[in-house]
Each structure stands twice: as C-alpha cells, then as structure tokens.
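One file, work-v3.csv, carrying CSV, C-alpha atoms:
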chain,number,residue,atom,x,y,z
W,11,MET,CA,9.1,-5.6,18.8
W,12,ASP,CA,6.3,-4.9,21.2
W,13,MET,CA,8.0,-2.0,22.9
W,14,LEU,CA,9.1,-0.6,19.6
W,15,ALA,CA,5.5,-0.9,18.2
W,16,ASP,CA,4.2,0.9,21.3
W,17,ARG,CA,6.6,3.7,20.7
W,18,VAL,CA,5.7,4.0,17.0
W,19,PHE,CA,2.0,4.1,17.7
W,20,GLU,CA,2.3,6.5,20.6
W,21,THR,CA,4.3,8.8,18.3
W,22,ALA,CA,1.7,8.3,15.5
W,23,SER,CA,-1.2,9.1,17.7
W,24,ALA,CA,0.3,12.4,18.8
W,25,ARG,CA,1.4,13.3,15.3
W,26,LEU,CA,-1.9,12.5,13.6
W,27,LYS,CA,-3.9,14.4,16.2
W,28,MET,CA,-1.5,17.4,15.7
W,29,MET,CA,-2.0,17.2,12.0
W,30,ASP,CA,-5.8,17.2,12.4
W,31,ARG,CA,-5.5,20.5,14.3
W,32,MET,CA,-3.6,22.1,11.4
W,33,LEU,CA,-6.0,20.9,8.6
W,34,GLN,CA,-8.7,23.2,7.5
W,35,ASP,CA,-12.1,21.6,6.6
W,36,GLY,CA,-11.9,19.6,3.3
W,37,ARG,CA,-8.1,19.7,3.2
W,38,CYS,CA,-5.7,16.7,3.2
W,39,PRO,CA,-2.0,16.5,4.0
W,40,LYS,CA,0.5,16.3,1.2
W,41,CYS,CA,4.1,16.9,2.2
W,42,GLU,CA,6.3,19.6,3.9
W,43,ASN,CA,7.5,22.9,2.8
W,44,GLU,CA,11.3,23.6,3.1
W,45,ASP,CA,10.7,25.3,6.4
W,46,GLY,CA,9.0,22.2,7.8
W,47,SER,CA,5.4,23.5,7.6
W,48,LEU,CA,2.5,21.4,6.3
W,49,VAL,CA,1.5,21.4,2.6
W,50,THR,CA,-2.1,20.5,2.1
W,51,THR,CA,-4.3,19.7,-0.9
W,52,ASP,CA,-7.9,19.0,-1.8
W,53,ILE,CA,-9.7,15.6,-1.7
W,54,TRP,CA,-9.0,14.9,-5.3
W,55,TRP,CA,-5.2,14.5,-4.9
W,56,TRP,CA,-4.3,10.8,-5.3
W,57,CYS,CA,-3.0,10.6,-1.7
W,58,SER,CA,-6.1,11.9,0.0
W,59,GLY,CA,-7.0,8.5,1.6
W,60,PHE,CA,-3.8,7.8,3.4
W,61,TYR,CA,-4.3,10.2,6.3
W,62,PRO,CA,-7.7,8.8,7.3
W,63,GLY,CA,-6.2,5.4,6.7
W,64,SER,CA,-3.4,6.1,9.1
W,65,LEU,CA,-5.9,7.3,11.7
W,66,TRP,CA,-7.9,4.0,11.3
W,67,LEU,CA,-4.7,1.9,11.7
W,68,THR,CA,-3.6,3.9,14.8
W,69,TYR,CA,-7.0,3.5,16.3
W,70,GLU,CA,-6.9,-0.2,15.6
W,71,TYR,CA,-3.6,-0.5,17.6
W,72,THR,CA,-4.4,1.9,20.4
W,73,GLY,CA,-8.2,1.6,20.9
W,74,ASP,CA,-8.3,5.4,21.2
W,75,LYS,CA,-11.8,6.4,20.3
W,76,GLU,CA,-10.8,10.0,19.6
W,77,LEU,CA,-8.7,8.6,16.7
W,78,ALA,CA,-11.8,6.7,15.5
W,79,ARG,CA,-13.8,9.9,15.5
W,80,LEU,CA,-11.1,11.7,13.6
W,81,ALA,CA,-10.8,8.8,11.1
W,82,ALA,CA,-14.5,8.8,10.4
W,83,ARG,CA,-14.5,12.6,9.8
W,84,HIS,CA,-11.6,12.6,7.5
W,85,THR,CA,-12.9,9.5,5.7
W,86,GLU,CA,-16.4,10.9,5.0
W,87,ILE,CA,-15.1,14.1,3.3
W,88,LEU,CA,-13.9,11.7,0.6
W,89,SER,CA,-17.4,10.6,-0.3
W,90,PRO,CA,-17.6,12.4,-3.7
W,91,ILE,CA,-14.7,10.2,-4.9
W,92,GLN,CA,-16.9,7.2,-5.2
W,93,PHE,CA,-18.3,8.6,-8.4
W,94,ARG,CA,-15.0,9.6,-9.9
W,95,THR,CA,-14.2,8.1,-13.3
W,96,ASP,CA,-11.4,10.4,-14.4
W,97,ASP,CA,-8.6,8.8,-12.4
W,98,HIS,CA,-7.4,5.3,-11.4
W,99,ASP,CA,-6.4,6.2,-7.9
W,100,VAL,CA,-9.8,5.8,-6.4
W,101,GLY,CA,-8.5,2.5,-5.1
W,102,PHE,CA,-5.9,4.3,-2.9
W,103,GLN,CA,-8.3,7.0,-2.0
W,104,LEU,CA,-11.2,4.8,-0.9
W,105,GLY,CA,-9.5,1.6,0.0
W,106,CYS,CA,-7.3,3.1,2.7
W,107,SER,CA,-10.1,5.3,4.1
W,108,TYR,CA,-13.5,3.6,3.6
W,109,GLY,CA,-11.9,0.2,3.4
W,110,ASN,CA,-10.2,0.3,6.8
W,111,GLY,CA,-13.3,2.1,8.2
W,112,TYR,CA,-15.6,-0.7,7.0
W,113,ARG,CA,-13.2,-3.4,8.2
W,114,LEU,CA,-13.1,-1.9,11.7
W,115,THR,CA,-16.7,-0.7,12.1
W,116,GLY,CA,-18.9,-2.7,9.7
W,117,ASP,CA,-20.7,0.6,8.8
W,118,THR,CA,-22.9,-0.3,5.8
W,119,THR,CA,-22.7,3.2,4.4
W,120,TYR,CA,-18.9,2.6,4.0
W,121,ARG,CA,-19.7,-0.6,2.1
W,122,ALA,CA,-21.8,1.2,-0.4
W,123,VAL,CA,-19.1,3.8,-1.1
W,124,ILE,CA,-16.6,1.0,-1.7
W,125,CYS,CA,-18.9,-0.7,-4.2
W,126,ASN,CA,-19.7,2.6,-6.0
W,127,GLY,CA,-16.0,3.5,-6.2
W,128,ALA,CA,-15.1,0.1,-7.7
W,129,HIS,CA,-17.7,0.4,-10.4
W,130,SER,CA,-16.4,3.9,-11.2
W,131,LEU,CA,-12.8,2.5,-11.5
W,132,ALA,CA,-14.1,-0.3,-13.7
W,133,THR,CA,-15.2,2.3,-16.3
W,134,ARG,CA,-11.5,2.8,-17.1
W,135,PHE,CA,-11.0,-0.8,-18.1
W,136,ASN,CA,-10.3,-1.4,-21.8
W,137,PRO,CA,-10.9,-5.0,-22.9
W,138,ALA,CA,-8.6,-4.6,-26.0
W,139,VAL,CA,-5.7,-3.7,-23.7
W,140,GLY,CA,-6.6,-5.8,-20.7
W,141,CYS,CA,-6.0,-3.1,-18.2
W,142,THR,CA,-7.6,-0.1,-16.5
W,143,ARG,CA,-6.1,3.2,-17.8
W,144,SER,CA,-3.9,5.2,-15.4
W,145,TRP,CA,-3.2,8.8,-16.4
W,146,ASN,CA,-5.3,11.1,-18.6
W,147,ASN,CA,-2.5,12.7,-20.5
W,148,ASP,CA,-2.1,13.4,-24.2
W,149,ARG,CA,1.6,12.4,-23.9
W,150,TRP,CA,0.5,8.8,-24.1
W,151,HIS,CA,-2.2,6.8,-25.9
W,152,PHE,CA,-3.2,4.4,-23.1
W,153,PRO,CA,-0.8,4.6,-20.2
W,154,VAL,CA,-0.7,1.9,-17.5
W,155,ILE,CA,1.7,2.4,-14.5
W,156,ILE,CA,2.8,-0.2,-12.1
W,157,ASP,CA,1.2,1.8,-9.3
W,158,ASN,CA,-2.1,0.7,-10.7
W,159,MET,CA,-1.6,-2.8,-9.3
W,160,MET,CA,-2.5,-1.3,-5.9
W,161,ASN,CA,-5.9,-0.1,-7.0
W,162,LEU,CA,-7.0,-3.6,-8.0
W,163,GLU,CA,-7.7,-4.3,-4.3
W,164,LEU,CA,-10.8,-2.0,-4.5
W,165,LEU,CA,-12.1,-4.2,-7.3
W,166,PHE,CA,-11.4,-7.5,-5.5
W,167,LEU,CA,-13.0,-6.2,-2.3
W,168,ALA,CA,-16.1,-4.8,-3.9
W,169,SER,CA,-16.5,-8.0,-5.9
W,170,GLU,CA,-16.8,-9.8,-2.5
W,171,LEU,CA,-19.0,-7.1,-0.9
W,172,CYS,CA,-21.5,-6.5,-3.7
W,173,GLY,CA,-21.3,-9.9,-5.5
W,174,ASP,CA,-20.2,-8.5,-8.9
W,175,SER,CA,-17.8,-11.1,-10.4
W,176,SER,CA,-17.0,-8.7,-13.3
W,177,LEU,CA,-14.9,-6.6,-10.9
W,178,TYR,CA,-12.9,-9.7,-9.9
W,179,ASP,CA,-12.4,-10.6,-13.6
W,180,ILE,CA,-11.2,-7.1,-14.5
W,181,ALA,CA,-8.7,-7.1,-11.6
W,182,VAL,CA,-7.3,-10.5,-12.6
W,183,ARG,CA,-7.0,-9.5,-16.3
W,184,HIS,CA,-5.2,-6.4,-15.4
W,185,ALA,CA,-2.7,-8.3,-13.2
W,186,VAL,CA,-2.0,-10.9,-15.9
W,187,THR,CA,-1.5,-8.2,-18.6
W,188,THR,CA,0.8,-6.2,-16.3
W,189,MET,CA,2.8,-9.3,-15.5
W,190,LYS,CA,3.3,-10.0,-19.2
W,191,ASN,CA,4.2,-6.5,-20.3
W,192,HIS,CA,5.7,-4.5,-17.4
W,193,TYR,CA,8.3,-7.0,-16.1
W,194,ARG,CA,11.8,-7.8,-17.3
W,195,ASP,CA,13.4,-11.2,-17.1
W,196,ASP,CA,15.1,-10.3,-13.7
W,197,ALA,CA,11.6,-9.5,-12.1
W,198,SER,CA,12.3,-5.7,-12.1
W,199,THR,CA,9.6,-3.6,-13.6
W,200,PHE,CA,9.2,-0.6,-15.9
W,201,HIS,CA,7.1,2.2,-14.5
W,202,LEU,CA,4.8,2.8,-17.4
W,203,VAL,CA,3.7,0.8,-20.5
W,204,ASP,CA,1.8,2.7,-23.2
W,205,TYR,CA,-0.7,0.7,-25.3
W,206,ASP,CA,-2.6,1.2,-28.5
W,207,PRO,CA,-6.2,1.5,-27.1
W,208,GLU,CA,-7.6,-0.1,-30.3
W,209,THR,CA,-5.4,-3.2,-30.6
W,210,GLY,CA,-3.7,-3.5,-27.2
W,211,LYS,CA,-0.3,-3.5,-28.8
W,212,VAL,CA,2.6,-2.3,-26.6
W,213,LEU,CA,3.8,1.0,-28.0
W,214,ARG,CA,6.5,2.0,-25.4
W,215,ARG,CA,8.0,1.0,-22.1
W,216,GLN,CA,9.5,3.6,-19.8
W,217,THR,CA,10.2,4.7,-16.2
W,218,VAL,CA,8.8,8.2,-15.7
W,219,GLN,CA,9.7,8.8,-12.0
W,220,GLY,CA,12.9,6.7,-12.0
W,221,PHE,CA,16.5,7.3,-13.0
W,222,ALA,CA,16.1,6.0,-16.5
W,223,ASP,CA,13.8,3.9,-18.7
W,224,TRP,CA,16.0,0.8,-18.0
W,225,SER,CA,16.4,1.4,-14.3
W,226,SER,CA,14.6,0.0,-11.3
W,227,TRP,CA,12.6,2.8,-9.6
W,228,SER,CA,12.4,1.5,-6.0
W,229,ARG,CA,8.8,2.5,-5.3
W,230,GLY,CA,7.7,1.0,-8.5
W,231,GLN,CA,9.2,-2.3,-7.5
W,232,ALA,CA,7.5,-1.9,-4.1
W,233,TRP,CA,4.1,-1.3,-5.7
W,234,GLY,CA,4.5,-4.4,-7.8
W,235,LEU,CA,5.5,-6.6,-4.8
W,236,TYR,CA,2.6,-5.4,-2.8
W,237,GLY,CA,0.2,-5.7,-5.7
W,238,TYR,CA,1.0,-9.3,-6.7
W,239,THR,CA,1.0,-10.4,-3.0
W,240,MET,CA,-2.5,-8.9,-2.6
W,241,VAL,CA,-3.7,-10.5,-5.9
W,242,TYR,CA,-2.6,-13.9,-4.7
W,243,ARG,CA,-4.4,-13.4,-1.4
W,244,TYR,CA,-7.7,-12.7,-3.2
W,245,THR,CA,-7.3,-15.4,-6.0
W,246,GLY,CA,-5.2,-18.2,-4.6
W,247,LYS,CA,-3.7,-18.5,-8.1
W,248,LYS,CA,-0.1,-19.8,-7.8
W,249,ARG,CA,1.2,-17.8,-10.8
W,250,PHE,CA,0.7,-14.7,-8.8
W,251,LEU,CA,2.4,-16.1,-5.7
W,252,SER,CA,5.4,-17.2,-7.8
W,253,HIS,CA,5.6,-13.7,-9.4
W,254,ALA,CA,5.4,-12.0,-6.0
W,255,GLU,CA,8.2,-14.2,-4.7
W,256,LYS,CA,10.4,-13.4,-7.8
W,257,ILE,CA,9.9,-9.7,-7.2
W,258,ALA,CA,10.7,-10.0,-3.5
W,259,ASP,CA,13.9,-11.9,-4.2
W,260,TYR,CA,14.9,-9.3,-6.7
W,261,ILE,CA,14.2,-6.4,-4.2
W,262,ILE,CA,16.0,-8.1,-1.3
W,263,GLY,CA,19.0,-8.7,-3.5
W,264,ARG,CA,19.2,-5.0,-4.3
W,265,LEU,CA,18.6,-3.5,-0.8
W,266,PRO,CA,21.4,-1.8,1.1
W,267,ASP,CA,22.6,-3.3,4.4
W,268,ASP,CA,20.1,-1.3,6.5
W,269,GLY,CA,17.1,-2.3,4.4
W,270,ILE,CA,16.0,1.2,3.3
W,271,PRO,CA,16.2,1.4,-0.6
W,272,TYR,CA,17.7,4.2,-2.5
W,273,TRP,CA,15.0,6.1,-4.5
W,274,ASP,CA,16.2,4.1,-7.6
W,275,PHE,CA,18.2,0.9,-7.3
W,276,ASP,CA,20.2,2.0,-10.4
W,277,SER,CA,20.9,5.6,-9.6
W,278,ASP,CA,24.4,6.7,-10.6
W,279,SER,CA,24.8,8.6,-7.3
W,280,ILE,CA,24.7,5.7,-5.0
W,281,PRO,CA,25.8,5.6,-2.1
W,282,ASP,CA,25.4,9.4,-1.9
W,283,ASP,CA,21.9,9.6,-3.2
W,284,TYR,CA,18.5,9.8,-1.4
W,285,ARG,CA,16.9,6.9,0.4
W,286,ASP,CA,13.1,6.5,0.0
W,287,ALA,CA,11.4,5.6,3.3
W,288,SER,CA,8.1,5.3,1.5
W,289,ALA,CA,9.4,2.5,-0.7
W,290,GLY,CA,10.9,0.8,2.4
W,291,ALA,CA,7.5,0.9,4.2
W,292,ILE,CA,5.6,-0.5,1.2
W,293,ILE,CA,8.2,-3.3,0.8
W,294,ALA,CA,8.0,-4.1,4.5
W,295,SER,CA,4.2,-4.3,4.5
W,296,ALA,CA,4.2,-6.6,1.5
W,297,LEU,CA,7.0,-8.8,2.8
W,298,VAL,CA,5.2,-9.5,6.1
W,299,GLU,CA,2.1,-10.7,4.2
W,300,LEU,CA,4.1,-12.6,1.6
W,301,GLY,CA,6.0,-14.3,4.4
W,302,THR,CA,2.8,-15.7,5.7
W,303,LEU,CA,1.6,-16.8,2.3
W,304,SER,CA,4.7,-18.3,0.7
W,305,ASP,CA,5.0,-22.1,0.7
W,306,ASP,CA,8.7,-21.9,0.8
W,307,GLU,CA,10.0,-21.9,4.4
W,308,ASP,CA,13.3,-20.4,3.6
W,309,ARG,CA,11.7,-17.6,1.7
W,310,SER,CA,9.1,-17.0,4.4
W,311,THR,CA,11.9,-16.7,7.0
W,312,GLU,CA,13.9,-14.3,4.8
W,313,TYR,CA,10.8,-12.1,4.0
W,314,LEU,CA,9.8,-11.7,7.6
W,315,ALA,CA,13.3,-11.0,8.8
W,316,THR,CA,13.8,-8.4,6.0
W,317,ALA,CA,10.5,-6.8,7.0
W,318,GLU,CA,11.6,-6.6,10.6
W,319,LYS,CA,14.9,-5.1,9.7
W,320,ILE,CA,13.2,-2.4,7.6
W,321,LEU,CA,10.7,-1.6,10.3
W,322,ARG,CA,13.4,-1.3,13.0
W,323,ARG,CA,15.4,1.1,10.8
W,324,LEU,CA,12.4,3.2,9.9
W,325,ALA,CA,11.5,3.4,13.6
W,326,SER,CA,15.0,4.7,14.4
W,327,ASP,CA,15.7,8.4,15.2
W,328,GLU,CA,17.0,8.9,11.7
W,329,TYR,CA,13.6,8.3,10.1
W,330,LEU,CA,11.0,8.7,12.8
W,331,SER,CA,9.9,12.4,13.1
W,332,GLU,CA,10.9,14.3,16.2
W,333,PRO,CA,8.0,15.0,18.6
W,334,GLY,CA,8.2,18.8,18.1
W,335,SER,CA,8.5,19.0,14.4
W,336,ASP,CA,5.9,21.3,12.7
W,337,SER,CA,4.0,19.2,10.1
W,338,GLY,CA,2.5,16.2,11.9
W,339,PHE,CA,4.0,13.6,9.7
W,340,ILE,CA,5.5,10.4,11.2
W,341,LEU,CA,8.4,9.4,8.9
W,342,ARG,CA,11.0,11.5,7.3
W,343,HIS,CA,13.2,11.0,4.1
W,344,SER,CA,10.9,9.9,1.3
W,345,VAL,CA,11.1,10.7,-2.4
W,346,GLY,CA,8.1,11.4,-4.5
W,347,ASN,CA,9.4,12.3,-7.9
W,348,LYS,CA,13.1,13.1,-8.1
W,349,PRO,CA,13.3,13.6,-11.9
W,350,GLY,CA,10.5,16.2,-11.5
W,351,ASN,CA,12.2,17.7,-8.5
W,352,ASP,CA,8.9,17.2,-6.6
W,353,GLU,CA,8.7,16.0,-3.0
W,354,VAL,CA,12.4,15.0,-2.6
W,355,ASP,CA,13.7,14.0,0.8
W,356,THR,CA,10.5,14.9,2.6
W,357,PRO,CA,7.8,13.3,4.7
W,358,LEU,CA,4.9,11.8,2.6
W,359,THR,CA,1.5,10.7,3.7
W,360,TYR,CA,1.7,7.3,2.0
W,361,ALA,CA,5.0,6.5,3.7
W,362,ASP,CA,3.3,7.0,7.1
W,363,TYR,CA,0.3,4.8,6.0
W,364,TYR,CA,2.3,1.8,4.9
W,365,PHE,CA,4.8,2.1,7.8
W,366,LEU,CA,1.8,1.8,10.2
W,367,GLU,CA,0.2,-0.9,8.2
W,368,ALA,CA,3.4,-2.9,8.1
W,369,PHE,CA,3.7,-2.7,11.9
W,370,ILE,CA,0.1,-3.8,12.3
W,371,LYS,CA,0.6,-6.7,10.0
W,372,TYR,CA,3.9,-7.7,11.7
W,373,MET,CA,2.4,-7.6,15.2
W,374,LYS,CA,-0.7,-9.5,14.1
W,375,ASN,CA,1.5,-12.1,12.6
W,376,GLN,CA,3.4,-12.6,15.8
W,377,LYS,CA,0.3,-12.5,18.0
W,378,LEU,CA,-1.3,-15.1,15.8
W,379,PHE,CA,1.4,-17.7,16.6
W,380,LEU,CA,1.3,-16.9,20.3
W,381,ARG,CA,-2.5,-17.3,20.4
W,382,MET,CA,-2.5,-20.5,18.4
W,383,GLY,CA,0.4,-22.0,20.3
W,384,VAL,CA,2.3,-22.9,17.1
W,385,ALA,CA,5.7,-22.0,15.8
W,386,PRO,CA,5.9,-19.3,13.1
W,387,LEU,CA,5.9,-20.6,9.6
W,388,ASN,CA,4.1,-23.8,10.5
W,389,LYS,CA,2.8,-24.9,7.1
W,390,GLY,CA,0.2,-27.2,8.6
W,391,LEU,CA,-2.1,-24.2,9.1
W,392,SER,CA,-4.9,-23.6,6.7
W,393,ARG,CA,-4.8,-20.4,4.7
W,394,SER,CA,-7.8,-19.1,6.7
W,395,ASP,CA,-5.8,-19.5,9.9
W,396,TRP,CA,-3.1,-17.3,8.4
W,397,SER,CA,-5.5,-14.5,7.8
W,398,LEU,CA,-4.0,-11.4,9.5
W,399,ASP,CA,-7.4,-9.8,10.2
W,400,ARG,CA,-8.6,-12.6,12.4
W,401,ILE,CA,-6.8,-11.3,15.4
W,402,SER,CA,-6.3,-7.9,16.9
W,403,VAL,CA,-3.2,-6.1,18.2
W,404,ASN,CA,-5.3,-4.5,20.9
W,405,ARG,CA,-7.7,-5.9,23.5
W,406,ALA,CA,-10.3,-3.3,22.5
W,407,HIS,CA,-10.8,-5.2,19.3
W,408,GLN,CA,-10.5,-8.8,20.5
W,409,GLY,CA,-13.2,-10.9,18.9
W,410,ARG,CA,-14.0,-8.4,16.2
W,411,THR,CA,-14.5,-10.1,12.8
W,412,GLY,CA,-15.4,-7.3,10.4
W,413,ALA,CA,-15.0,-7.2,6.7
W,414,SER,CA,-11.5,-7.2,5.4
W,415,ALA,CA,-10.1,-4.3,3.4
W,416,ARG,CA,-6.3,-4.4,3.7
W,417,PHE,CA,-5.9,-8.0,5.0
W,418,PRO,CA,-7.1,-11.4,3.9
W,419,SER,CA,-10.6,-12.5,5.2
W,420,GLY,CA,-10.4,-16.2,4.6
W,421,LYS,CA,-9.7,-18.9,2.1
W,422,PRO,CA,-8.9,-17.4,-1.3
W,423,ARG,CA,-11.1,-17.9,-4.3
W,424,GLN,CA,-9.7,-20.7,-6.4
Show me the file's structure as structure tokens.
Amino acid sequence: MDMLADRVFETASARLKMMDRMLQDGRCPKCENEDGSLVTTDIWWWCSGFYPGSLWLTYEYTGDKELARLAARHTEILSPIQFRTDDHDVGFQLGCSYGNGYRLTGDTTYRAVICNGAHSLATRFNPAVGCTRSWNNDRWHFPVIIDNMMNLELLFLASELCGDSSLYDIAVRHAVTTMKNHYRDDASTFHLVDYDPETGKVLRRQTVQGFADWSSWSRGQAWGLYGYTMVYRYTGKKRFLSHAEKIADYIIGRLPDDGIPYWDFDSDSIPDDYRDASAGAIIASALVELGTLSDDEDRSTEYLATAEKILRRLASDEYLSEPGSDSGFILRHSVGNKPGNDEVDTPLTYADYYFLEAFIKYMKNQKLFLRMGVAPLNKGLSRSDWSLDRISVNRAHQGRTGASARFPSGKPRQ
C-alpha cells in the first residue's frame, strides 16, 4: 500500500493546492457544477471544515510546509464558528480543521477555539431528550440525525483539553440515547428521530436522505459506525465497542463485491444506481480504527481487510480525479442527497477528507507494527500502544506527540 498511498497524497497535494488558487477569500469548496467547475460556499456551511482538514492530513503525510501554511489560513477563517449555537455541525467544522491543526502543531489558540466550540455545541443539549438537537426546522419538534454522532468528538476532545467533565457526560448520554432509539434489531439505523422536547418521547422515526423510512441510507450507516467506534475510543465502555462491531458486521454484509456502497443499501435500482464514494471513505476510516480496537481477532482481520479493499478501489482510476480536472477535488462519484436531487454523482469535500484520513490511519496502523516488531492484531499490546497518533507516516513528524483530535491519545477513560 505504500506506493498507492504515495500516489494518493501526491494527487491530493496537487489538487488541494489547485483548489486554493480557485477559492476567493472567505469561501469554502462545496461540490462541482455540471460543467466540472467548482461550487463554493461561505464558512457557515456544515462542510466548511473538511477542506482545511484535508490540507492538514496531506501535510501530515508529505511534510510539505506549504500545505501547512494553507491549512492554517483556511482553518483560521472558521474562527467565528466557535461561538455558533444555532447548528450541531460545529463538530465537523472545528474538529476537522482546528482539531487536526492542534494535533499537529500544538498551537494553544487552536485549543481555545476547540473548547469554545464545544461549549457552544453543548447549549443544544436537552436533558429531557438526552441528545443535542440537530436541525432548526419547524417540520420537526426536536430532530436528532445519526450524523450527529460525529459531532460528539468535539465534546470528548474539549472535555480532555479544558477539563470540563460535563461535555463528556453530554456526549455519552447522546450516544446512549441514539443507540436506543435510532437502531433497528439488525443494527441498521434510521436517519432521523424526532422527539418531544418536553418529555423526551419518540414521535417519529424516518430516513430523510435515504430511499425510504425503512431503508438503510449508506452514509447514515457510515456515520453511525464511525461515531460509535470513536465513542468507544474515548470511553472504553464495552457497550459502545459491541455496538460498533454490530454496525460493522451489518455494513460488511451489505457491501457489493468491490466494497463501494450504493447510496442506499435498499435502493430499488440496484445494481444500476449510484455508488457513494463518501460513504465508502467514512466506512474505511472507521473500519481501520475498529480493527485495532476490537478484541475479536477474526473481526479485526475482516475489518482491516475490508478497509484496504475499499481504499484500493477508491484510489483506482474510476474514483480518483484526473490530474487536469477543473475543480480541485480528489474523489469522484459521491451522493449528497438523492431524494432532494442535490449533489448527486459529484465530488464532495467530506469524501476527500475521510478518504485521506482512512489512508493516514491505515498507514499508521501498518507502520506501528513494523516499528514495534510485532505481528498485526497482537492482542498483548496495551490500548495506548494501539493509539494511531503515536507514530507518524512521515519522517518530518517522527517523535511528535501533540494532542489528539481525530485519533486516540492513550488509554480510554473507564
């Protein structure tokens, strides 16, 4: 995989620098127009943190200081988001940008933004429901979407950085409530659960961006897998590991032979429907980490093998953007919201981010075993030895032990 990873990050470096040249000040990449040109948005769009996050990850792999400079510039334009209380996606926006920046640089100003952002997110928590609110929309009473599992990482991280245990408690409560009310018996998930904000009673379960309320929207399954893997990393609570494994087993059982999921596992147009590279990238990133955390050797082997299969396919000519394409994105063929006919079969900035993150995690996992002189999946290692941020994929970062944003930093809290 070394040569393939080198190719991926060489492509990423060129594409991300190209994208920077196309972006006006204060603008963020969103997707492509039909003619292949770049669509941009302002900093308040929920995806605004993924481009600086991709710059940080590519800097981490390559050691290219120009990428670090660009990453810092595109991170710092997001500073106003730290005080945003009208949206749940501050976790995506700040975790991928400021989180990775702090992990790689130790800049204390980044740390302050992370803590402020987490406290802003915490204002959306409703104790009666046991969750933070997702959308501000009169269509629902108190909507909670499965995507929101991803934003819990900002709460966990800030709890460690600023010593506020209430943030940890909110994140755990949200994870427990979501496990109880979003998931079906087969470990598939609804997209949205609407609650009564006064009593916490479930009013409705549905799937807004999927094929049907009863179906399995693939990116929703991916968010859940990643989210519960991350929650286990921070808490060490076996109930979250078990749930993540059940989700992983469900997803792997539904994947097509090449590993790239259809936009919804239950679409009535399979095999002639769209694949979703973004869901594949998120799944791969989660499976690499879950493969290092699972106590079940057979599962660990399967998770890592599936992640590698997905990554190899995404790095193929079918999905990896051509060098001369216009927009600067890295991956093609993602699906944002097919029922809404929005961002269908297009590059998406979060597909790029989780693709790069999955490769970083995979390479760190392999280098860890090489450095320690042990076979992969040796369960005699302590959990801190398995931490994927304790090594670097690039000599420029050897010996660095910064704070962790996207990877575990040591033994979990019990």
Excluding same-chain residues fewer than 2 positions from Leu67 in chain W, what lies within 8 Å of it counting only C-alpha atoms, as a tab-separated table (two decimals) with C-alpha atoms, in the frame of the given file?
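part-v4.tsv was written with the following content:
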chain	number	residue	atom	x	y	z
W	63	GLY	CA	-6.20	5.40	6.70
W	64	SER	CA	-3.40	6.10	9.10
W	65	LEU	CA	-5.90	7.30	11.70
W	69	TYR	CA	-7.00	3.50	16.30
W	70	GLU	CA	-6.90	-0.20	15.60
W	71	TYR	CA	-3.60	-0.50	17.60
W	110	ASN	CA	-10.20	0.30	6.80
W	366	LEU	CA	1.80	1.80	10.20
W	367	GLU	CA	0.20	-0.90	8.20
W	370	ILE	CA	0.10	-3.80	12.30
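We find CA of Asp352 in chain W and CA of Leu33 in chain W to be spaced 21.6 Å apart.
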Counting all atoms listed in the file, the residue among W:Met373, W:Leu48, W:Val123, W:Met189 that lies closest to Ala168 in chain W is W:Val123
Between W:Gly246, W:Arg215, W:Gln92, W:Gly269, which one has atoms that come closest to Thr119 in chain W, using only C-alpha atoms?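 Of W:Gly246, W:Arg215, W:Gln92, W:Gly269, the one nearest Thr119 in chain W, counting only C-alpha atoms, is W:Gln92.
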Using only C-alpha atoms - which residues lie no farther than 12 Å from the point (0.3, 5.5, 22.4) in the file's frame? Write them as a short mmCIF file (atom, residue, chain, number, x, y, z; two decimals) with C-alpha atoms, in the frame of the given file.
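Result written to out_1.cif:
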data_model
loop_
_atom_site.label_atom_id
_atom_site.label_comp_id
_atom_site.auth_asym_id
_atom_site.auth_seq_id
_atom_site.Cartn_x
_atom_site.Cartn_y
_atom_site.Cartn_z
CA MET W 13 8.00 -2.00 22.90
CA LEU W 14 9.10 -0.60 19.60
CA ALA W 15 5.50 -0.90 18.20
CA ASP W 16 4.20 0.90 21.30
CA ARG W 17 6.60 3.70 20.70
CA VAL W 18 5.70 4.00 17.00
CA PHE W 19 2.00 4.10 17.70
CA GLU W 20 2.30 6.50 20.60
CA THR W 21 4.30 8.80 18.30
CA ALA W 22 1.70 8.30 15.50
CA SER W 23 -1.20 9.10 17.70
CA ALA W 24 0.30 12.40 18.80
CA ARG W 25 1.40 13.30 15.30
CA LEU W 26 -1.90 12.50 13.60
CA LYS W 27 -3.90 14.40 16.20
CA THR W 68 -3.60 3.90 14.80
CA TYR W 69 -7.00 3.50 16.30
CA GLU W 70 -6.90 -0.20 15.60
CA TYR W 71 -3.60 -0.50 17.60
CA THR W 72 -4.40 1.90 20.40
CA GLY W 73 -8.20 1.60 20.90
CA ASP W 74 -8.30 5.40 21.20
CA LEU W 77 -8.70 8.60 16.70
CA ASN W 404 -5.30 -4.50 20.90
#
For a quick check of understanding, using all atoms listed in the file, which of W:Asp274, W:Lys374, W:Ser58, W:Leu300 has the smallest distance to Ser252 in chain W?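 Looking only at the distances to Ser252 in chain W, the closest residue turns out to be W:Leu300.
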Excluding Arg31 in chain W and its own-chain neighbours fewer than 6 positions away, which residues fall within 12 Å of it when counting all atoms listed in the file? Please give them as a ChimeraX atom specification. /W:24-25,37-39,48,80,336-338
I'd like to know which of W:Phe152, W:Phe365, W:Tyr242, W:Tyr112 is closest to Thr302 in chain W, using only C-alpha atoms.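 For Thr302 in chain W, the nearest of the given residues is W:Tyr242.
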Which neighbours of Ile53 in chain W fall inside 9 Å, counting all atoms listed in the file, when residues of the same chain fewer than 2 positions from it are skipped, and could you give them as a ChimeraX atom specification? /W:36-38,51,55-59,87-88,90-91,103
Between W:Trp233, W:Ala138, W:Phe369, W:Asn375, which one has atoms that come closest to Thr209 in chain W, using only C-alpha atoms? W:Ala138
Between CA of Asp96 in chain W and CA of Pro153 in chain W, what is the spacing in Å? 13.4 Å
Could you check the closest approach to Gly230 in chain W for each of W:Tyr193, W:Tyr372, W:Phe250, W:Tyr205 and tell me which residue wins, using only C-alpha atoms?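 So, comparing all the options, the nearest one is W:Tyr193.
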Set the distance at 8 Å and use only C-alpha atoms: which residues neighbour Ser331 in chain W once local chain neighbours fewer than 4 positions away are removed? I'd like the list as an NGL selection string. :W and (327 or 335 or 339-342)
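When the distance limit is 12 Å and all atoms listed in the file are what count, the residues near Lys247 in chain W, minus those fewer than 3 positions from it on the same chain, are Val182, Ala185, Val186, Tyr238, Thr239, Met240, Val241, Tyr242, Arg243, Tyr244, Phe250, Leu251, Ser252, His253, Ala254, Leu303, Lys421, Pro422, Arg423 and Gln424 of chain W.
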Kindly give the distance, in Å, that separates CA of Gly46 in chain W and CA of Val345 in chain W, rounded to a single decimal.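 Rounded to one decimal, the two atoms are 15.5 Å apart.
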How would you write as a VMD selection string the residues that get within 7 Å of (-9.6, -5.2, -16.8) in the file's frame, counting all atoms listed in the file? chain W and resid 135 to 137 140 to 142 179 to 181 183 to 184
Quick one: what's the axis-aligned box for range 38-49 of chain W, all listed atoms, 4 Å on every side, centre and edges in Å to one decimal, as lines of an AutoDock Vina configuration file?
center_x = 2.8
center_y = 20.8
center_z = 4.5
size_x = 25.0
size_y = 17.0
size_z = 14.6
